[in-house]
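Inspection log for the structure reproduced underneath, given as structure tokens.
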Amino acid sequence: MSIVTRWSLANRGLVALLTLVVAGVAAYLTPTLQQQFLPSLTLPTVSVAAAYPGASPDIVADKVTDPIEDALGSVDDATEITSTSSDGTAGIRVSFDYGGDIDAERADVDRALATVTLPDGVDPKTSVGSTDDLPVMQLAATTTKDADALARKLDDTVAPRLRSIDGVADATVTGDRGKVVTIKPDTDALADKGLTLQSISDAVKRAGTATPAGSITAHGKTLTVQAGDSYTAVKDLEDLYLTPAADPAAAGRQRATKEPRPVRLGDVAKVSLDDKQATSLSRTNGRDSLGVSITADPDGNAVSISRDVRDRLDDLTDTLGSGAKLTVISDRAPDITGAIDDVSTEGLLGLAMAVLVILVFLASIRSTLVTAVSIPLSVLIALIALWAQDYTLDIITLGALTIAIGRVVDDSIVVLENIRRHLSEGENRRTAVPAAVREVAGAVTASTITTVAVFLPIGFVGGIIGEVFGPFSVTVTVALLASLLVALTVVPVGAYWFMKPPKATREPDRRPPRPGLLQRGYVPILRFVTRHRLSTVAVGLLILIGTAAAVPQLKTSFLDDSGASTVNMTQTLPAGTSLEAADAKAKRVERLLRGIDAIDTYQVNVGGGGSGTRAQLRGQTSTSTDIRYALRLADGSDADAVTSELRSTLDDQSGLGAISVADGGAMGGDTLEVDVSADDADVLARASHQVADAMSDTPGVVEVSSNLSQTASRVDISVDRSAAADHGLTETDVAAAATLAVRGTTLAQLTFDDTTADVVLESGGATPTSLEDLRDIEVAKGVRLDDVADVARVDGPVSVDHVDGDRTAVVTGTNTADSLGATTKALTARLGDLDLPAGAAYAIGGASRQQSESFGDLGLAMAVAIVLVFLVMAITFRSVVQPLILLVSIPFAATGAIGLLLATDTPLGLAAGIGLLMLVGIVVTNAIVLIDLINQYRAKGMPLREAVIEGGRHRLRPILMTALATIFALTPMAVGLTGGGTFISTPLAIVVIGGLVSSTVLTLVLVPALYTMVERRREARAS
């Protein structure tokens, strides 16, 4: 590597020019980086949705879900297939391993679906879940006037203008009930004209369709021919003519009677354009509202989109007319900009503190500036890499840059300190600079590569670790490699230009420089530990034993809530609750919300009004008995405090159903799940009830629910095939008559004003409202439904769930305790004590399983990282024994990390685990620099113990400088000075600081003792 230094010193002007070019390119590209809260995340799941209107969950499972599951079983690489069959809907989720090509996997699922035979009209659709698909903003539109006019203006004016904003993929209007064209026949008039309901159905279906009729050639031109027109207005249907069937009795006779005359549909039926029956309601701050959901392109910038939307909000409101108002319900931009600004501030404070540490040690502004130049240069190069890799600027990548700030200066400190030492010994700059760099080039290169090596396993470890922390590892890797390049090129040039030898060393009869205060205090310690080696090692072993004993005291978590400025609530009511009853309960909750000052704006969706963030990503939708609330908090509010207040307030209420509350930035780190499986439905119900009771009894678990805890009442029509046949009817005829009487039959679609409305034929009689009414409907002339079928009320499941084809129930709860690991352990113990019915089994899922899998992946990554670090050091030192000595620093890093986690009451989660992984590479760097210099002294003939003492004396300052620079650089993050991104950055910084403190102390004390012990024995054997 000294070749690079010699080239740089020979081309100093070019190095300076290249430095300015890098700074300029980074300054130009950085503003173009997308800003997000977290990196884009695509779940390795393909969701399949299939609608089967009117079918019960059992029928949906039998006719739709089961055939689809059978076909999907042939999909390669699928790890799990789960499904939920509910009223009229089948939802199937096919899971794959992280790291695969989700588009290719979706294509495999589509090919499998193409082989399935399903009931008529059932058309399964596939989708994949990505954070890019979530809305960047959601608006609510309210008005004091006509709601239909408001919906038209939103569709015609507001949505198109929002779509024109740069980076916006789509703007969709939600909550509009839509229109339906209803045909209500006059049964008496139909009979008088010799017509039936089938006559209307056949006529509507056969007309209103534009049919291509071929082409003709005339005058040298080819013209296409089209016959017929589509329905475009209600009048088109009213003017449709029906032809009565001819009287069979008149067949064969002379024209004694006239031919049946066509009858205009409008003369025998009322055709009207009506609002669809409401299936959901939406309100914002207590007023009926419509929603506008804005999604971004994959390359769209959420922050700039938010800014542009807010700039146009007043103008958009004006286009809606008087009495209308647009309100921002959710906006990801404030959370993004707030977190980025906070983490950036912490990074800049860390930079200032790191530079201050260097200045204190070097006591020279020139030397400090030469050293500190590595920090901005390394960060700028890393920003260029982010742009090249199309990564976003988020709390993960910014956290990586902040972590790197303390580490990127290490190489420069070692290089500059060695240059300074050579200059202090009287060498001139031309010889001192290259000689000093050559002396430490191997050590700094090895130390940087070992730190970089620990991030390689992340690229090969699956799961959420690789997805979320992949950009983190790339950012840190590029910054560290850039710091090595800067230390070997820019720093030597800067030292050559700006550093001068101390005046005391310019005389040829100089004396060796007097040891400093730190050296005078450290050398006696070195002499002691190298003389009392066994005692020193014994103390180290005791410290390790104490560390191991402290591990069970650690709290553990998965991913903490991100502290977003929104809170989400879900209110689940008993199955079958009417929309009116659900609305009344929602209004009770709204009154409570209005009494909480921290809530700035709220929106409520009653009756299947959408799904939460995690559910959207997984392809899940809410049920008709769900009421969902989106709460936007006032500035400066604490989401955790609001969540706690809401739970306390709602717990005091009765008759509101089950209500769950979650931070809008929740990452699913507190969700507990237990999957219960059994072939028999009764066994499954009993087992799931036992599991739910066990979870409810677990301390710290709230909001326990089971998807088998409810049953729904339905009306079952069982056709007597023999009786139906006596009347000339089939089972299909009876079902069609019942459908026509209850909800009508959709015949066609009418398109007008860019709107499509279904054309629905009703029976002509009153809509049944009771079992008696249903039994009395006429399925054929003179034949009641009760004559050919048994009509009864039955109870059935709200949904039917499968996991890999097995009937399954899911029991869920929310952990509110400090330690997810402790809660999981307690829950596991209670589940183990259960005496489940024969044939039932359970498996723990949710955050508990994710935590277990992620910790396992991290453990594997650490093992691989240690092997890689060992290989790098073995190559560097050309020895197997000496790298083993250096690896001693790693377990002692856990001493400080665990101690500081306990002292700060911080749980060991995924972010802290990444910090432990980083320590594997960081803590050995100081030991590498120390051992490398000791080996150089021994190679020059210095005795072992003297070489250890001299090496330790000369490496004390750079070791302390690099450790303290990193520690002080991370201190703002560790204390959460600004509060931004603390769920990732704070535990990570705490672990690194604690590990550095303990490993640095033990590197300076234990490593010299071990080195002396091992090398003395080798010398004894050699002699």
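Please note that chains go A, B, ... in the order of the structure tokens, that every chain numbers its residues from 1, and that ligands are numbered from 1 in the order shown.
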Quiz item: Which residues come within 8 Å of Arg283 in chain A, counting only C-alpha atoms, excluding same-chain residues fewer than 4 positions away, as a ChimeraX atom specification?
Solution: /A:287-290,603-605
Quiz prompt | Spatial neighbours of Asp680 in chain A, max dist 8 Å, only C-alpha atoms, sep filter under 3 positions, as a list in words | solution = Val683, Leu684 and Gly839 of chain A
Would you mind exporting the chosen residues as a CSV table (one decimal), in the first residue's frame, restricted to C-alpha atoms?
chain,number,residue,atom,x,y,z
A,683,VAL,CA,-61.1,-29.7,18.5
A,684,LEU,CA,-59.6,-26.6,17.0
A,839,GLY,CA,-55.1,-33.9,17.4
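Minimum atom-to-atom distances from A:Leu380, A:Val803, A:Ile59, A:Val46 to Ala104 in chain A were compared using only C-alpha atoms, and the lowest value belongs to A:Val46.
Within the 6 Å cut-off around range 950-959 of chain A, using only C-alpha atoms and omitting residues fewer than 5 positions from it on the same chain, the listed residues are A:Val414, A:Gln519, A:Asn926, A:Leu930, A:Leu933, A:Ile934.
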Per residue of range 122-165 of chain A within 10 Å of range 61-65 of chain A, which atom pair is closest and at what distance in Å (one decimal), using only C-alpha atoms, listed by chain and increasing number, as a tab-separated table?
residue	atom	partner	partner_atom	distance
A:Val122	CA	A:Val64	CA	8.1
A:Asp123	CA	A:Val64	CA	10.0
A:Pro124	CA	A:Val64	CA	9.2
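Distance annotation: of A:Thr649, A:Thr812, A:Thr143, A:Thr172, the residue with the minimal separation from Leu708 in chain A is A:Thr812; atom set is only C-alpha atoms.
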Quiz item: Looking only at the backbone, which of the residues in range 682-774 of chain A does DSSP tag as strand (DSSP E or B), as a PyMOL selection string?
Solution: chain A and resi 701-706+711-719+745-752+755-761
Dump of N, CA and C atoms for the selected residues, as an mmCIF file, in the first residue's frame:
data_model
loop_
_atom_site.group_PDB
_atom_site.id
_atom_site.type_symbol
_atom_site.label_atom_id
_atom_site.label_comp_id
_atom_site.auth_asym_id
_atom_site.auth_seq_id
_atom_site.Cartn_x
_atom_site.Cartn_y
_atom_site.Cartn_z
ATOM 1 N N VAL A 701 -49.282 -9.056 28.517
ATOM 2 C CA VAL A 701 -49.950 -9.285 27.235
ATOM 3 C C VAL A 701 -51.371 -8.746 27.302
ATOM 4 N N VAL A 702 -51.708 -7.900 26.348
ATOM 5 C CA VAL A 702 -53.049 -7.314 26.286
ATOM 6 C C VAL A 702 -53.619 -7.548 24.888
ATOM 7 N N GLU A 703 -54.902 -7.180 24.728
ATOM 8 C CA GLU A 703 -55.574 -7.224 23.427
ATOM 9 C C GLU A 703 -55.500 -8.613 22.801
ATOM 10 N N VAL A 704 -55.787 -9.637 23.627
ATOM 11 C CA VAL A 704 -55.752 -11.022 23.139
ATOM 12 C C VAL A 704 -57.042 -11.315 22.381
ATOM 13 N N SER A 705 -56.887 -11.926 21.208
ATOM 14 C CA SER A 705 -58.053 -12.278 20.408
ATOM 15 C C SER A 705 -57.735 -13.513 19.570
ATOM 16 N N SER A 706 -58.792 -14.167 19.131
ATOM 17 C CA SER A 706 -58.653 -15.335 18.267
ATOM 18 C C SER A 706 -59.616 -15.202 17.110
ATOM 19 N N THR A 711 -68.614 -16.612 16.003
ATOM 20 C CA THR A 711 -69.360 -17.317 14.965
ATOM 21 C C THR A 711 -70.375 -16.358 14.384
ATOM 22 N N ALA A 712 -70.775 -16.603 13.155
ATOM 23 C CA ALA A 712 -71.730 -15.726 12.488
ATOM 24 C C ALA A 712 -72.978 -16.519 12.127
ATOM 25 N N SER A 713 -74.134 -15.886 12.301
ATOM 26 C CA SER A 713 -75.404 -16.520 11.916
ATOM 27 C C SER A 713 -75.663 -16.266 10.443
ATOM 28 N N ARG A 714 -76.106 -17.317 9.759
ATOM 29 C CA ARG A 714 -76.411 -17.215 8.336
ATOM 30 C C ARG A 714 -77.725 -17.936 8.057
ATOM 31 N N VAL A 715 -78.287 -17.633 6.916
ATOM 32 C CA VAL A 715 -79.493 -18.329 6.471
ATOM 33 C C VAL A 715 -79.071 -19.377 5.453
ATOM 34 N N ASP A 716 -79.408 -20.633 5.731
ATOM 35 C CA ASP A 716 -79.040 -21.728 4.845
ATOM 36 C C ASP A 716 -80.283 -22.218 4.105
ATOM 37 N N ILE A 717 -80.213 -22.264 2.784
ATOM 38 C CA ILE A 717 -81.321 -22.753 1.948
ATOM 39 C C ILE A 717 -80.910 -24.118 1.413
ATOM 40 N N SER A 718 -81.541 -25.155 1.923
ATOM 41 C CA SER A 718 -81.244 -26.530 1.500
ATOM 42 C C SER A 718 -82.355 -26.998 0.565
ATOM 43 N N VAL A 719 -82.029 -27.146 -0.710
ATOM 44 C CA VAL A 719 -83.023 -27.455 -1.740
ATOM 45 C C VAL A 719 -83.382 -28.940 -1.688
ATOM 46 N N THR A 745 -79.917 -9.460 -9.541
ATOM 47 C CA THR A 745 -78.963 -10.110 -10.435
ATOM 48 C C THR A 745 -78.324 -9.050 -11.321
ATOM 49 N N THR A 746 -76.995 -9.023 -11.343
ATOM 50 C CA THR A 746 -76.285 -8.071 -12.185
ATOM 51 C C THR A 746 -76.306 -8.571 -13.626
ATOM 52 N N LEU A 747 -76.824 -7.732 -14.531
ATOM 53 C CA LEU A 747 -76.980 -8.128 -15.927
ATOM 54 C C LEU A 747 -75.931 -7.519 -16.843
ATOM 55 N N ALA A 748 -75.546 -6.289 -16.582
ATOM 56 C CA ALA A 748 -74.635 -5.589 -17.496
ATOM 57 C C ALA A 748 -74.031 -4.405 -16.748
ATOM 58 N N GLN A 749 -73.320 -3.563 -17.478
ATOM 59 C CA GLN A 749 -72.754 -2.342 -16.919
ATOM 60 C C GLN A 749 -73.076 -1.162 -17.828
ATOM 61 N N LEU A 750 -73.332 -0.029 -17.186
ATOM 62 C CA LEU A 750 -73.630 1.197 -17.915
ATOM 63 C C LEU A 750 -72.524 2.198 -17.627
ATOM 64 N N THR A 751 -71.934 2.763 -18.673
ATOM 65 C CA THR A 751 -70.822 3.702 -18.520
ATOM 66 C C THR A 751 -71.281 5.100 -18.901
ATOM 67 N N PHE A 752 -71.038 6.064 -18.005
ATOM 68 C CA PHE A 752 -71.426 7.454 -18.265
ATOM 69 C C PHE A 752 -70.534 8.366 -17.437
ATOM 70 N N THR A 755 -67.834 7.047 -15.423
ATOM 71 C CA THR A 755 -68.239 6.224 -14.295
ATOM 72 C C THR A 755 -68.921 4.966 -14.805
ATOM 73 N N THR A 756 -68.685 3.863 -14.139
ATOM 74 C CA THR A 756 -69.319 2.598 -14.513
ATOM 75 C C THR A 756 -70.258 2.174 -13.397
ATOM 76 N N ALA A 757 -71.497 1.828 -13.778
ATOM 77 C CA ALA A 757 -72.496 1.387 -12.801
ATOM 78 C C ALA A 757 -73.046 0.039 -13.240
ATOM 79 N N ASP A 758 -73.200 -0.861 -12.275
ATOM 80 C CA ASP A 758 -73.818 -2.152 -12.565
ATOM 81 C C ASP A 758 -75.296 -1.967 -12.854
ATOM 82 N N VAL A 759 -75.818 -2.780 -13.768
ATOM 83 C CA VAL A 759 -77.253 -2.822 -14.051
ATOM 84 C C VAL A 759 -77.804 -4.044 -13.339
ATOM 85 N N VAL A 760 -78.680 -3.824 -12.342
ATOM 86 C CA VAL A 760 -79.158 -4.895 -11.476
ATOM 87 C C VAL A 760 -80.657 -5.065 -11.657
ATOM 88 N N LEU A 761 -81.055 -6.306 -11.916
ATOM 89 C CA LEU A 761 -82.473 -6.643 -12.040
ATOM 90 C C LEU A 761 -82.975 -7.166 -10.704
#
Quiz prompt | Near-Gln138 in chain A list (8 Å; only C-alpha atoms; drop same-chain fewer than 3 positions) as number ranges by chain | solution = A: 135, 291-294, 328-331
Quiz item: Which neighbours of range 480-496 of chain A fall inside 8 Å, counting only C-alpha atoms, when residues of the same chain fewer than 4 positions from it are skipped, and could you give them as a PyMOL selection string?
Solution: chain A and resi 1-2+4-5+8-9+12+15-16+19+367+370-371+373-375+377-378+381-382+404+407-409+411-412+415-416+419+429-430+433-434+437+441+444-445+448-449+452+476
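By only C-alpha atoms, and with residues fewer than 4 positions from Arg830 in chain A along its chain excluded, the set lying at most 7 Å from it is Ala694, Ala826 and Leu834 of chain A.
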Quiz item: Out of range 152-278 of chain A, which residues get helix (DSSP H, G or I) from DSSP, as a PyMOL selection string?
Solution: chain A and resi 152-163+187-192+197-206+234-238+248-250+265-268
Would you export the selected residues with N, CA and C atoms as a compact mmCIF listing (two decimals), in the first residue's frame, please?
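Output saved as out-v2.txt:
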# COMPACT_ATOMS: atom_id res chain seq x y z
N ARG A 152 -67.59 13.78 -7.38
CA ARG A 152 -67.31 14.04 -8.81
C ARG A 152 -66.15 15.01 -8.96
N LYS A 153 -66.12 16.05 -8.15
CA LYS A 153 -65.05 17.03 -8.25
C LYS A 153 -63.71 16.43 -7.84
N LEU A 154 -63.72 15.57 -6.85
CA LEU A 154 -62.48 14.92 -6.46
C LEU A 154 -61.94 14.05 -7.61
N ASP A 155 -62.85 13.31 -8.23
CA ASP A 155 -62.44 12.43 -9.33
C ASP A 155 -62.02 13.23 -10.56
N ASP A 156 -62.77 14.27 -10.88
CA ASP A 156 -62.55 14.99 -12.13
C ASP A 156 -61.46 16.05 -12.04
N THR A 157 -61.26 16.63 -10.87
CA THR A 157 -60.35 17.78 -10.76
C THR A 157 -59.17 17.51 -9.83
N VAL A 158 -59.46 17.14 -8.59
CA VAL A 158 -58.41 17.02 -7.58
C VAL A 158 -57.46 15.87 -7.89
N ALA A 159 -58.01 14.69 -8.14
CA ALA A 159 -57.14 13.53 -8.40
C ALA A 159 -56.23 13.73 -9.61
N PRO A 160 -56.75 14.22 -10.75
CA PRO A 160 -55.84 14.44 -11.90
C PRO A 160 -54.73 15.46 -11.60
N ARG A 161 -55.05 16.51 -10.84
CA ARG A 161 -54.02 17.50 -10.53
C ARG A 161 -52.98 16.93 -9.57
N LEU A 162 -53.40 16.07 -8.68
CA LEU A 162 -52.44 15.42 -7.80
C LEU A 162 -51.55 14.46 -8.59
N ARG A 163 -52.13 13.76 -9.55
CA ARG A 163 -51.33 12.83 -10.36
C ARG A 163 -50.29 13.55 -11.20
N THR A 187 -94.65 -6.62 -11.94
CA THR A 187 -94.93 -8.02 -12.27
C THR A 187 -96.29 -8.18 -12.96
N ASP A 188 -97.28 -7.38 -12.54
CA ASP A 188 -98.59 -7.48 -13.18
C ASP A 188 -98.51 -7.05 -14.63
N ALA A 189 -97.82 -5.90 -14.90
CA ALA A 189 -97.69 -5.43 -16.27
C ALA A 189 -96.92 -6.43 -17.12
N LEU A 190 -95.91 -7.06 -16.54
CA LEU A 190 -95.16 -8.08 -17.28
C LEU A 190 -96.08 -9.24 -17.69
N ALA A 191 -96.87 -9.69 -16.72
CA ALA A 191 -97.76 -10.83 -17.00
C ALA A 191 -98.77 -10.46 -18.08
N ASP A 192 -99.34 -9.24 -18.02
CA ASP A 192 -100.31 -8.82 -19.02
C ASP A 192 -99.71 -8.83 -20.42
N LEU A 197 -89.49 -12.22 -15.95
CA LEU A 197 -88.21 -11.63 -15.55
C LEU A 197 -87.08 -12.10 -16.46
N GLN A 198 -87.21 -13.35 -16.93
CA GLN A 198 -86.17 -13.86 -17.83
C GLN A 198 -86.16 -13.08 -19.14
N SER A 199 -87.33 -12.60 -19.55
CA SER A 199 -87.39 -11.79 -20.78
C SER A 199 -86.54 -10.53 -20.64
N ILE A 200 -86.66 -9.89 -19.46
CA ILE A 200 -85.86 -8.68 -19.22
C ILE A 200 -84.38 -9.04 -19.19
N SER A 201 -84.06 -10.11 -18.48
CA SER A 201 -82.65 -10.51 -18.36
C SER A 201 -82.04 -10.79 -19.72
N ASP A 202 -82.77 -11.55 -20.55
CA ASP A 202 -82.22 -11.90 -21.87
C ASP A 202 -82.05 -10.66 -22.74
N ALA A 203 -83.02 -9.75 -22.69
CA ALA A 203 -82.96 -8.56 -23.55
C ALA A 203 -81.81 -7.65 -23.15
N VAL A 204 -81.63 -7.44 -21.86
CA VAL A 204 -80.55 -6.56 -21.40
C VAL A 204 -79.19 -7.14 -21.75
N LYS A 205 -79.04 -8.46 -21.59
CA LYS A 205 -77.75 -9.09 -21.86
C LYS A 205 -77.43 -9.10 -23.35
N ARG A 206 -78.44 -9.23 -24.20
CA ARG A 206 -78.19 -9.36 -25.63
C ARG A 206 -77.98 -8.02 -26.31
N VAL A 234 -79.50 5.92 -18.69
CA VAL A 234 -80.65 5.16 -18.22
C VAL A 234 -81.71 5.07 -19.31
N LYS A 235 -81.83 6.11 -20.12
CA LYS A 235 -82.84 6.12 -21.18
C LYS A 235 -82.59 5.01 -22.20
N ASP A 236 -81.31 4.66 -22.40
CA ASP A 236 -81.00 3.56 -23.32
C ASP A 236 -81.65 2.27 -22.85
N LEU A 237 -81.69 2.07 -21.56
CA LEU A 237 -82.33 0.87 -21.02
C LEU A 237 -83.85 0.99 -21.07
N GLU A 238 -84.34 2.16 -20.74
CA GLU A 238 -85.79 2.35 -20.78
C GLU A 238 -86.35 2.12 -22.18
N PRO A 248 -98.25 -20.64 -28.04
CA PRO A 248 -98.17 -21.93 -28.72
C PRO A 248 -99.52 -22.39 -29.26
N ALA A 249 -100.60 -21.95 -28.62
CA ALA A 249 -101.93 -22.40 -29.08
C ALA A 249 -102.27 -21.89 -30.46
N ALA A 250 -101.59 -20.84 -30.86
CA ALA A 250 -101.87 -20.26 -32.17
C ALA A 250 -101.09 -20.91 -33.28
N LEU A 265 -89.17 -1.51 -22.32
CA LEU A 265 -88.85 -1.88 -20.95
C LEU A 265 -89.35 -0.83 -19.97
N GLY A 266 -89.26 0.43 -20.34
CA GLY A 266 -89.70 1.49 -19.45
C GLY A 266 -91.18 1.46 -19.16
N ASP A 267 -91.97 0.72 -19.98
CA ASP A 267 -93.41 0.64 -19.75
C ASP A 267 -93.79 -0.46 -18.77
N VAL A 268 -92.85 -1.39 -18.53
CA VAL A 268 -93.18 -2.51 -17.63
C VAL A 268 -92.23 -2.58 -16.44
Quiz item: What's the 12 Å shell around Thr224 in chain A, counting only C-alpha atoms, without same-chain residues fewer than 2 positions away, as number ranges by chain?
Solution: A: 211-218, 221-222, 226-227
Practice problem: Using only C-alpha atoms, find the one residue out of A:Pro552, A:Pro334, A:Gly821, A:Gly921 that sits nearest to Leu902 in chain A. | Solution: A:Pro552
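Going from CA of Leu393 in chain A over to CA of Leu996 in chain A, you cover 27.3 Å.
CA of Ile458 in chain A sits 12.4 Å away from CA of Tyr98 in chain A.
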